[in-house]
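What follows is the content of data09.pdb (PDB, C-alpha atoms and all ligand atoms).
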ATOM      1  CA  MET A  82     -19.837 -19.181  -2.143
ATOM      2  CA  LYS A  83     -17.283 -17.455   0.029
ATOM      3  CA  GLU A  84     -18.090 -13.996   1.324
ATOM      4  CA  ILE A  85     -15.852 -11.307  -0.137
ATOM      5  CA  GLU A  86     -15.786  -7.880   1.486
ATOM      6  CA  ILE A  87     -13.935  -4.603   1.386
ATOM      7  CA  ARG A  88     -12.932  -3.563   4.900
ATOM      8  CA  PRO A  89     -10.307  -1.519   6.737
ATOM      9  CA  PHE A  90      -6.977  -3.150   7.569
ATOM     10  CA  GLU A  91      -6.558  -4.311  11.183
ATOM     11  CA  ALA A  92      -3.432  -5.294  13.144
ATOM     12  CA  LYS A  93      -4.265  -9.000  12.778
ATOM     13  CA  ASP A  94      -3.909  -8.646   8.971
ATOM     14  CA  SER A  95      -0.334  -7.366   9.017
ATOM     15  CA  SER A  96       1.495 -10.626   8.248
ATOM     16  CA  GLN A  97      -0.807 -11.465   5.343
ATOM     17  CA  VAL A  98      -0.576  -7.974   3.862
ATOM     18  CA  ALA A  99       3.225  -7.947   4.208
ATOM     19  CA  ALA A 100       3.409 -11.366   2.511
ATOM     20  CA  LEU A 101       1.188 -10.167  -0.329
ATOM     21  CA  ASP A 102       3.297  -7.037  -0.689
ATOM     22  CA  GLN A 103       6.457  -9.160  -0.993
ATOM     23  CA  GLU A 104       4.718 -11.450  -3.496
ATOM     24  CA  ARG A 105       3.677  -8.593  -5.799
ATOM     25  CA  PHE A 106       6.488  -6.018  -5.391
ATOM     26  CA  GLN A 107       9.993  -7.359  -5.799
ATOM     27  CA  LEU A 108      12.530  -5.885  -3.363
ATOM     28  CA  SER A 109       9.765  -4.030  -1.575
ATOM     29  CA  PRO A 110      11.085  -2.127   1.448
ATOM     30  CA  TYR A 111       7.635  -2.388   3.072
ATOM     31  CA  ARG A 112       7.448  -4.588   6.166
ATOM     32  CA  GLU A 113       4.716  -5.546   8.626
ATOM     33  CA  LYS A 114       5.664  -2.503  10.679
ATOM     34  CA  THR A 115       5.018  -0.210   7.692
ATOM     35  CA  PHE A 116       1.430  -1.410   7.546
ATOM     36  CA  LEU A 117       0.951  -1.468  11.324
ATOM     37  CA  ASP A 118       2.245   2.097  11.639
ATOM     38  CA  SER A 119      -0.545   3.297   9.343
ATOM     39  CA  LEU A 120      -3.046   2.410  12.076
ATOM     40  CA  SER A 121      -1.750   5.216  14.277
ATOM     41  CA  LEU A 122      -1.549   7.785  11.496
ATOM     42  CA  LEU A 123      -4.577   9.978  10.931
ATOM     43  CA  ARG A 124      -4.107  10.451   7.228
ATOM     44  CA  GLN A 125      -3.033   7.037   6.021
ATOM     45  CA  LYS A 126      -5.374   4.184   5.334
ATOM     46  CA  ILE A 127      -5.279   0.627   4.075
ATOM     47  CA  LEU A 128      -8.336  -1.032   2.601
ATOM     48  CA  LEU A 129      -8.513  -4.769   2.094
ATOM     49  CA  VAL A 130     -10.495  -7.032  -0.104
ATOM     50  CA  SER A 131     -10.798 -10.229   1.866
ATOM     51  CA  SER A 132     -12.649 -13.476   2.320
ATOM     52  CA  ALA A 133     -13.437 -14.783   5.813
ATOM     53  CA  LYS A 134      -9.967 -16.318   6.045
ATOM     54  CA  GLU A 135      -7.726 -14.621   3.574
ATOM     55  CA  VAL A 136      -6.558 -11.184   2.461
ATOM     56  CA  LEU A 137      -6.944 -11.121  -1.341
ATOM     57  CA  GLY A 138      -5.795  -7.581  -2.092
ATOM     58  CA  TYR A 139      -5.057  -4.201  -0.561
ATOM     59  CA  LEU A 140      -4.950  -0.499  -1.306
ATOM     60  CA  PHE A 141      -2.626   1.717   0.761
ATOM     61  CA  TYR A 142      -2.902   5.487   0.489
ATOM     62  CA  GLY A 143      -2.285   8.722   2.316
ATOM     63  CA  TRP A 144      -3.524  12.275   2.035
ATOM     64  CA  VAL A 145      -2.714  15.832   3.076
ATOM     65  CA  GLU A 146      -5.392  18.500   2.790
ATOM     66  CA  ASP A 147      -6.973  18.064  -0.646
ATOM     67  CA  GLU A 148      -4.310  15.828  -2.221
ATOM     68  CA  ALA A 149      -3.845  12.078  -1.898
ATOM     69  CA  GLU A 150      -1.179   9.625  -3.000
ATOM     70  CA  ILE A 151      -1.693   5.947  -3.680
ATOM     71  CA  TYR A 152       1.309   4.064  -2.291
ATOM     72  CA  ARG A 153       0.283   0.519  -3.092
ATOM     73  CA  LEU A 154      -2.424  -1.433  -4.873
ATOM     74  CA  ALA A 155      -2.082  -5.185  -5.240
ATOM     75  CA  VAL A 156      -4.188  -8.287  -5.650
ATOM     76  CA  LYS A 157      -3.009 -11.869  -5.154
ATOM     77  CA  LYS A 158      -1.836 -13.409  -8.390
ATOM     78  CA  LYS A 159      -4.423 -16.188  -8.221
ATOM     79  CA  GLU A 160      -7.242 -13.664  -7.662
ATOM     80  CA  GLU A 161      -6.492 -11.312 -10.553
ATOM     81  CA  GLY A 162      -9.068 -10.280 -13.126
ATOM     82  CA  LYS A 163     -12.078 -10.476 -10.781
ATOM     83  CA  GLY A 164     -12.527  -6.733 -10.373
ATOM     84  CA  TYR A 165     -10.978  -6.542  -6.888
ATOM     85  CA  ALA A 166      -8.485  -3.785  -7.702
ATOM     86  CA  THR A 167     -11.240  -1.746  -9.355
ATOM     87  CA  ALA A 168     -13.457  -2.168  -6.281
ATOM     88  CA  LEU A 169     -10.616  -1.151  -3.924
ATOM     89  CA  LEU A 170      -9.813   1.945  -5.968
ATOM     90  CA  GLU A 171     -13.431   3.038  -6.161
ATOM     91  CA  GLU A 172     -14.005   2.584  -2.415
ATOM     92  CA  GLY A 173     -10.740   4.396  -1.614
ATOM     93  CA  GLU A 174     -11.746   7.310  -3.823
ATOM     94  CA  ARG A 175     -15.177   7.471  -2.179
ATOM     95  CA  LEU A 176     -13.572   7.686   1.285
ATOM     96  CA  LEU A 177     -11.008  10.246   0.124
ATOM     97  CA  LYS A 178     -13.773  12.420  -1.262
ATOM     98  CA  GLU A 179     -15.404  12.380   2.176
ATOM     99  CA  GLU A 180     -12.092  13.662   3.582
ATOM    100  CA  GLY A 181     -12.196  16.590   1.151
ATOM    101  CA  VAL A 182      -9.562  15.239  -1.227
ATOM    102  CA  LYS A 183      -9.809  16.684  -4.713
ATOM    103  CA  THR A 184      -6.886  15.055  -6.526
ATOM    104  CA  VAL A 185      -5.353  11.590  -6.281
ATOM    105  CA  TYR A 186      -1.795  10.960  -7.517
ATOM    106  CA  LEU A 187       0.112   7.754  -8.202
ATOM    107  CA  GLU A 188       3.139   6.383 -10.017
ATOM    108  CA  VAL A 189       3.201   3.316 -12.211
ATOM    109  CA  ARG A 190       6.075   1.498 -13.892
ATOM    110  CA  LYS A 191       6.404   2.082 -17.616
ATOM    111  CA  SER A 192       6.358  -1.692 -18.108
ATOM    112  CA  ASN A 193       3.229  -2.292 -16.006
ATOM    113  CA  PHE A 194       0.654  -2.334 -18.783
ATOM    114  CA  ARG A 195      -1.933  -4.150 -16.736
ATOM    115  CA  ALA A 196      -1.999  -1.514 -14.001
ATOM    116  CA  GLN A 197      -1.875   1.279 -16.599
ATOM    117  CA  LYS A 198      -4.972  -0.169 -18.263
ATOM    118  CA  LEU A 199      -6.777  -0.311 -14.934
ATOM    119  CA  TYR A 200      -5.899   3.291 -14.054
ATOM    120  CA  ALA A 201      -6.900   4.576 -17.500
ATOM    121  CA  LYS A 202     -10.233   2.777 -17.190
ATOM    122  CA  GLU A 203     -10.732   4.436 -13.787
ATOM    123  CA  GLY A 204     -10.073   7.929 -15.173
ATOM    124  CA  TYR A 205      -6.428   8.515 -14.203
ATOM    125  CA  VAL A 206      -4.495  10.655 -16.667
ATOM    126  CA  PHE A 207      -0.785  11.029 -17.371
ATOM    127  CA  TYR A 208       0.821  14.314 -16.274
ATOM    128  CA  ARG A 209       4.566  13.646 -16.259
ATOM    129  CA  GLU A 210       7.285  11.036 -16.423
ATOM    130  CA  ARG A 211       9.899  10.455 -13.704
ATOM    131  CA  LYS A 212      13.191   9.066 -14.937
ATOM    132  CA  ALA A 213      14.790   6.204 -12.970
ATOM    133  CA  TYR A 214      12.094   6.488 -10.317
ATOM    134  CA  TYR A 215      12.379   2.830  -9.285
ATOM    135  CA  ASP A 216      15.341   1.077  -7.638
ATOM    136  CA  ASN A 217      16.110  -0.929 -10.796
ATOM    137  CA  GLY A 218      16.345   2.299 -12.797
ATOM    138  CA  GLU A 219      12.947   1.979 -14.449
ATOM    139  CA  ASP A 220      11.031   5.145 -15.283
ATOM    140  CA  ALA A 221       7.605   5.942 -13.826
ATOM    141  CA  TYR A 222       4.522   7.469 -15.342
ATOM    142  CA  CYS A 223       2.887   9.889 -12.936
ATOM    143  CA  LEU A 224      -0.888   9.813 -13.107
ATOM    144  CA  LYS A 225      -3.609  11.827 -11.436
ATOM    145  CA  LYS A 226      -7.355  11.930 -11.131
ATOM    146  CA  GLY A 227      -9.683  14.726 -10.068
ATOM    147  CA  LEU A 228     -12.396  13.556  -7.681
ATOM    148  CA  GLU A 229     -14.943  16.340  -8.242
TER     149      GLU A 229
HETATM  150  C1  LIG A 301      -2.688  -4.323 -11.258
HETATM  151  C2  LIG A 301      -3.533  -5.203 -10.339
HETATM  152  C3  LIG A 301      -3.681  -4.489  -8.997
HETATM  153  C4  LIG A 301      -4.913  -5.392 -10.985
HETATM  154  O1  LIG A 301      -5.726  -6.135 -10.083
HETATM  155  P1  LIG A 301      -7.030  -6.927 -10.576
HETATM  156  O2  LIG A 301      -7.850  -7.220  -9.371
HETATM  157  O3  LIG A 301      -6.637  -8.049 -11.439
HETATM  158  O4  LIG A 301      -7.752  -5.813 -11.452
HETATM  159  P2  LIG A 301      -9.271  -5.863 -11.901
HETATM  160  O5  LIG A 301      -9.762  -7.278 -11.933
HETATM  161  O6  LIG A 301     -10.036  -4.862 -11.086
HETATM  162  O7  LIG A 301      -9.138  -5.389 -13.375
HETATM  163  C5  LIG A 301      -9.029  -4.038 -13.642
HETATM  164  C6  LIG A 301      -8.606  -3.828 -15.062
HETATM  165  O8  LIG A 301      -7.282  -4.348 -15.216
HETATM  166  C7  LIG A 301      -7.167  -4.784 -16.529
HETATM  167  N1  LIG A 301      -6.938  -6.233 -16.522
HETATM  168  C8  LIG A 301      -7.475  -7.171 -15.716
HETATM  169  N2  LIG A 301      -7.036  -8.391 -16.035
HETATM  170  C9  LIG A 301      -6.173  -8.200 -17.075
HETATM  171  C10 LIG A 301      -5.369  -9.066 -17.858
HETATM  172  N3  LIG A 301      -5.368 -10.397 -17.680
HETATM  173  N4  LIG A 301      -4.583  -8.518 -18.811
HETATM  174  C11 LIG A 301      -4.564  -7.182 -19.018
HETATM  175  N5  LIG A 301      -5.315  -6.318 -18.322
HETATM  176  C12 LIG A 301      -6.111  -6.823 -17.365
HETATM  177  C13 LIG A 301      -8.449  -4.466 -17.235
HETATM  178  O9  LIG A 301      -8.406  -3.159 -17.751
HETATM  179  C14 LIG A 301      -9.422  -4.520 -16.121
HETATM  180  O10 LIG A 301     -10.578  -3.827 -16.372
HETATM  181  P3  LIG A 301     -11.812  -4.564 -17.137
HETATM  182  O11 LIG A 301     -11.810  -6.016 -16.722
HETATM  183  O12 LIG A 301     -13.012  -3.823 -16.670
HETATM  184  O13 LIG A 301     -11.463  -4.367 -18.576
HETATM  185  C15 LIG A 301      -2.912  -6.605 -10.138
HETATM  186  O14 LIG A 301      -2.630  -7.144 -11.414
HETATM  187  C16 LIG A 301      -1.633  -6.598  -9.309
HETATM  188  O15 LIG A 301      -1.683  -6.706  -8.073
HETATM  189  N6  LIG A 301      -0.459  -6.462  -9.976
HETATM  190  C17 LIG A 301       0.822  -6.480  -9.258
HETATM  191  C18 LIG A 301       1.016  -5.237  -8.416
HETATM  192  C19 LIG A 301       0.857  -3.980  -9.244
HETATM  193  O16 LIG A 301       1.347  -3.888 -10.351
HETATM  194  N7  LIG A 301       0.173  -2.970  -8.661
HETATM  195  C20 LIG A 301       0.000  -1.679  -9.274
HETATM  196  C21 LIG A 301       1.232  -0.862  -9.010
HETATM  197  S1  LIG A 301       1.068   0.786  -9.643
END
Let me see the structure of the file written as structure tokens.
Ligand SMILES: CC(C)(COP(=O)(O)OP(=O)(O)OC[C@H]1O[C@@H](n2cnc3c(N)ncnc32)[C@H](O)[C@@H]1OP(=O)(O)O)[C@@H](O)C(=O)NCCC(=O)NCCS
Amino acid sequence: MKEIEIRPFEAKDSSQVAALDQERFQLSPYREKTFLDSLSLLRQKILLVSSAKEVLGYLFYGWVEDEAEIYRLAVKKKEEGKGYATALLEEGERLLKEEGVKTVYLEVRKSNFRAQKLYAKEGYVFYRERKAYYDNGEDAYCLKKGLE
């Protein structure tokens, strides 16, 4: 059985994470540099779920004082449904709590039922809608979760 772990992103992972980002988010403006830059920023972090050879998923977030924003959460298509996104979210929230974060925010496409189901299961609640939030004109649901 291959070893699966959750670990921090390192520079050597940048091409795999950028490829996964392009696979899961059409027209994503994120590039390798976006992920590499996070390494020199104090309040941004990327967590990976990975096997010995391969990045299977990632969670990218940032925080300021007691508020955090999830920028990205994605799992490889062929690895979906194994609980990896849930594990990434829970580990990210644990680390954010250690940083003193009290509320986590995120946006999700209205059409993304799968992600909405995941976030609802993890305790995220709707607080507003943002019209035409995405480049293709799609609306976003804004969700938040208190970490206390
Ligand atoms: C959304 C995404 C991150 C979920 O990753 P995942 O590793 O498959 O998620 P998990 O296995 O942890 O499943 C979490 C929950 O998602 C839901 N889910 C999982 N597989 C599902 C499926 N086939 N159909 C519908 N919902 C499903 C379930 O609620 C599941 O919880 P449960 O199994 O305890 O009931 C992944 O589908 C993905 O990368 N999608 C493309 C990028 C994206 O949309 N990211 C979120 C942007 S806001």
Kindly compute an axis-aligned box around the listed atoms of ligand LIG 301 (chain A), allowing 3 Å on each side, and express its centre and edge lengths in Å to one decimal as JSON.
{"center_x": -5.8, "center_y": -4.8, "center_z": -13.5, "size_x": 20.4, "size_y": 17.2, "size_z": 16.9}
Write out as a Markdown table a residue-level contact list of chain A versus ligand LIG 301 (chain A) with cut-off 7 Å: for each qualifying residue the closest pair of atoms and the distance in Å to one decimal, counting all atoms listed in the file, rows sorted by chain and residue number upward.
| residue | atom | partner | partner_atom | distance |
| --- | --- | --- | --- | --- |
| A:Arg105 | CA | A:LIG301 | C17 | 5.0 |
| A:Phe106 | CA | A:LIG301 | C18 | 6.3 |
| A:Arg153 | CA | A:LIG301 | C21 | 6.2 |
| A:Leu154 | CA | A:LIG301 | N7 | 4.8 |
| A:Ala155 | CA | A:LIG301 | O15 | 3.2 |
| A:Val156 | CA | A:LIG301 | O15 | 3.8 |
| A:Lys157 | CA | A:LIG301 | O15 | 6.1 |
| A:Lys158 | CA | A:LIG301 | O15 | 6.7 |
| A:Glu160 | CA | A:LIG301 | O2 | 6.7 |
| A:Glu161 | CA | A:LIG301 | O3 | 3.4 |
| A:Gly162 | CA | A:LIG301 | O5 | 3.3 |
| A:Lys163 | CA | A:LIG301 | O5 | 4.1 |
| A:Gly164 | CA | A:LIG301 | O6 | 3.2 |
| A:Tyr165 | CA | A:LIG301 | O2 | 4.1 |
| A:Ala166 | CA | A:LIG301 | O2 | 3.9 |
| A:Thr167 | CA | A:LIG301 | O6 | 3.8 |
| A:Ala168 | CA | A:LIG301 | O6 | 6.5 |
| A:Glu188 | CA | A:LIG301 | S1 | 6.0 |
| A:Val189 | CA | A:LIG301 | S1 | 4.2 |
| A:Arg190 | CA | A:LIG301 | S1 | 6.6 |
| A:Asn193 | CA | A:LIG301 | O16 | 6.2 |
| A:Arg195 | CA | A:LIG301 | N5 | 4.3 |
| A:Ala196 | CA | A:LIG301 | C1 | 4.0 |
| A:Lys198 | CA | A:LIG301 | O9 | 4.6 |
| A:Leu199 | CA | A:LIG301 | C6 | 4.0 |
| A:Lys202 | CA | A:LIG301 | O9 | 6.2 |
Grab the residues selected above and save them as an mmCIF file, in the frame of the given file with C-alpha atoms.
data_model
loop_
_atom_site.group_PDB
_atom_site.id
_atom_site.type_symbol
_atom_site.label_atom_id
_atom_site.label_comp_id
_atom_site.auth_asym_id
_atom_site.auth_seq_id
_atom_site.Cartn_x
_atom_site.Cartn_y
_atom_site.Cartn_z
ATOM 1 C CA ARG A 105 3.677 -8.593 -5.799
ATOM 2 C CA PHE A 106 6.488 -6.018 -5.391
ATOM 3 C CA ARG A 153 0.283 0.519 -3.092
ATOM 4 C CA LEU A 154 -2.424 -1.433 -4.873
ATOM 5 C CA ALA A 155 -2.082 -5.185 -5.240
ATOM 6 C CA VAL A 156 -4.188 -8.287 -5.650
ATOM 7 C CA LYS A 157 -3.009 -11.869 -5.154
ATOM 8 C CA LYS A 158 -1.836 -13.409 -8.390
ATOM 9 C CA GLU A 160 -7.242 -13.664 -7.662
ATOM 10 C CA GLU A 161 -6.492 -11.312 -10.553
ATOM 11 C CA GLY A 162 -9.068 -10.280 -13.126
ATOM 12 C CA LYS A 163 -12.078 -10.476 -10.781
ATOM 13 C CA GLY A 164 -12.527 -6.733 -10.373
ATOM 14 C CA TYR A 165 -10.978 -6.542 -6.888
ATOM 15 C CA ALA A 166 -8.485 -3.785 -7.702
ATOM 16 C CA THR A 167 -11.240 -1.746 -9.355
ATOM 17 C CA ALA A 168 -13.457 -2.168 -6.281
ATOM 18 C CA GLU A 188 3.139 6.383 -10.017
ATOM 19 C CA VAL A 189 3.201 3.316 -12.211
ATOM 20 C CA ARG A 190 6.075 1.498 -13.892
ATOM 21 C CA ASN A 193 3.229 -2.292 -16.006
ATOM 22 C CA ARG A 195 -1.933 -4.150 -16.736
ATOM 23 C CA ALA A 196 -1.999 -1.514 -14.001
ATOM 24 C CA LYS A 198 -4.972 -0.169 -18.263
ATOM 25 C CA LEU A 199 -6.777 -0.311 -14.934
ATOM 26 C CA LYS A 202 -10.233 2.777 -17.190
#
Can I get the residues of region 176-226 of chain A within 6 Å of region 134-151 of chain A, each with the closest pair of atoms and their distance in Å to one decimal, using all atoms listed in the file, sorted chain first then ascending number, as CSV?
residue,atom,partner,partner_atom,distance
A:Gly181,CA,A:Asp147,CA,5.7
A:Val182,CA,A:Asp147,CA,3.9
A:Lys183,CA,A:Asp147,CA,5.1
A:Thr184,CA,A:Glu148,CA,5.1
A:Val185,CA,A:Ala149,CA,4.7
A:Tyr186,CA,A:Glu150,CA,4.8
A:Leu187,CA,A:Ile151,CA,5.2
Excluding region 113-116 of chain A and any residue of its chain fewer than 5 positions from it, enumerate the residues within 10 Å of it, using all atoms listed in the file, and give them as a PDB file with C-alpha atoms, in the coordinates of the input.
ATOM      1  CA  PHE A  90      -6.977  -3.150   7.569  1.00  0.00           C
ATOM      2  CA  GLU A  91      -6.558  -4.311  11.183  1.00  0.00           C
ATOM      3  CA  ALA A  92      -3.432  -5.294  13.144  1.00  0.00           C
ATOM      4  CA  ASP A  94      -3.909  -8.646   8.971  1.00  0.00           C
ATOM      5  CA  SER A  95      -0.334  -7.366   9.017  1.00  0.00           C
ATOM      6  CA  SER A  96       1.495 -10.626   8.248  1.00  0.00           C
ATOM      7  CA  GLN A  97      -0.807 -11.465   5.343  1.00  0.00           C
ATOM      8  CA  VAL A  98      -0.576  -7.974   3.862  1.00  0.00           C
ATOM      9  CA  ALA A  99       3.225  -7.947   4.208  1.00  0.00           C
ATOM     10  CA  ALA A 100       3.409 -11.366   2.511  1.00  0.00           C
ATOM     11  CA  ASP A 102       3.297  -7.037  -0.689  1.00  0.00           C
ATOM     12  CA  SER A 121      -1.750   5.216  14.277  1.00  0.00           C
ATOM     13  CA  GLN A 125      -3.033   7.037   6.021  1.00  0.00           C
ATOM     14  CA  LYS A 126      -5.374   4.184   5.334  1.00  0.00           C
ATOM     15  CA  ILE A 127      -5.279   0.627   4.075  1.00  0.00           C
ATOM     16  CA  PHE A 141      -2.626   1.717   0.761  1.00  0.00           C
TER      17      PHE A 141
END
For this session: Could you please determine the separation between CA of Glu203 (chain A) and CA of Leu122 (chain A) in Å, to one decimal place?
Result: 27.1 Å
Problem set entry | Contacts of Arg209 (chain A) at 10 Å (only C-alpha atoms; same-chain gap of 5+ positions) as a list in words |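 Answer for this query is Glu188, Ala221, Tyr222, Cys223, Leu224 and Lys225 of chain A.
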Exercise. Out of A:Glu179, A:Lys159, A:Leu228, A:Ile87, which residue has the shortest atom-to-atom distance to Glu104 (chain A) when counting only C-alpha atoms?
Worked result: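 Among the listed residues, the smallest separation from Glu104 (chain A) belongs to A:Lys159.
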Exercise. Interatomic distance between CA of Gly204 (chain A) and CA of Gly227 (chain A)?
Worked result: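 Between CA of Gly204 (chain A) and CA of Gly227 (chain A) the gap works out to 8.5 Å.
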Exercise. CA of Tyr208 (chain A) to CA of Glu174 (chain A): how many Å, to one decimal?
Worked result: 19.0 Å
Seminar exercise, completed: Restricting to only C-alpha atoms, whichever of A:Val130, A:Leu176, A:Leu169, A:Tyr111 is closest to Ile85 (chain A) is A:Val130
For this session: May I have the protein, DNA and RNA residues with an atom at most 8 Å from (16.1, -2.5, -6.1), counting only C-alpha atoms in the file's coordinates, returned as a PyMOL selection string?
Result: chain A and resi 107-109+215-217
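The closest residue to Ser119 (chain A), picked from A:Pro89, A:Tyr205, A:Gln103, A:Gln197 and counting only C-alpha atoms, is A:Pro89.
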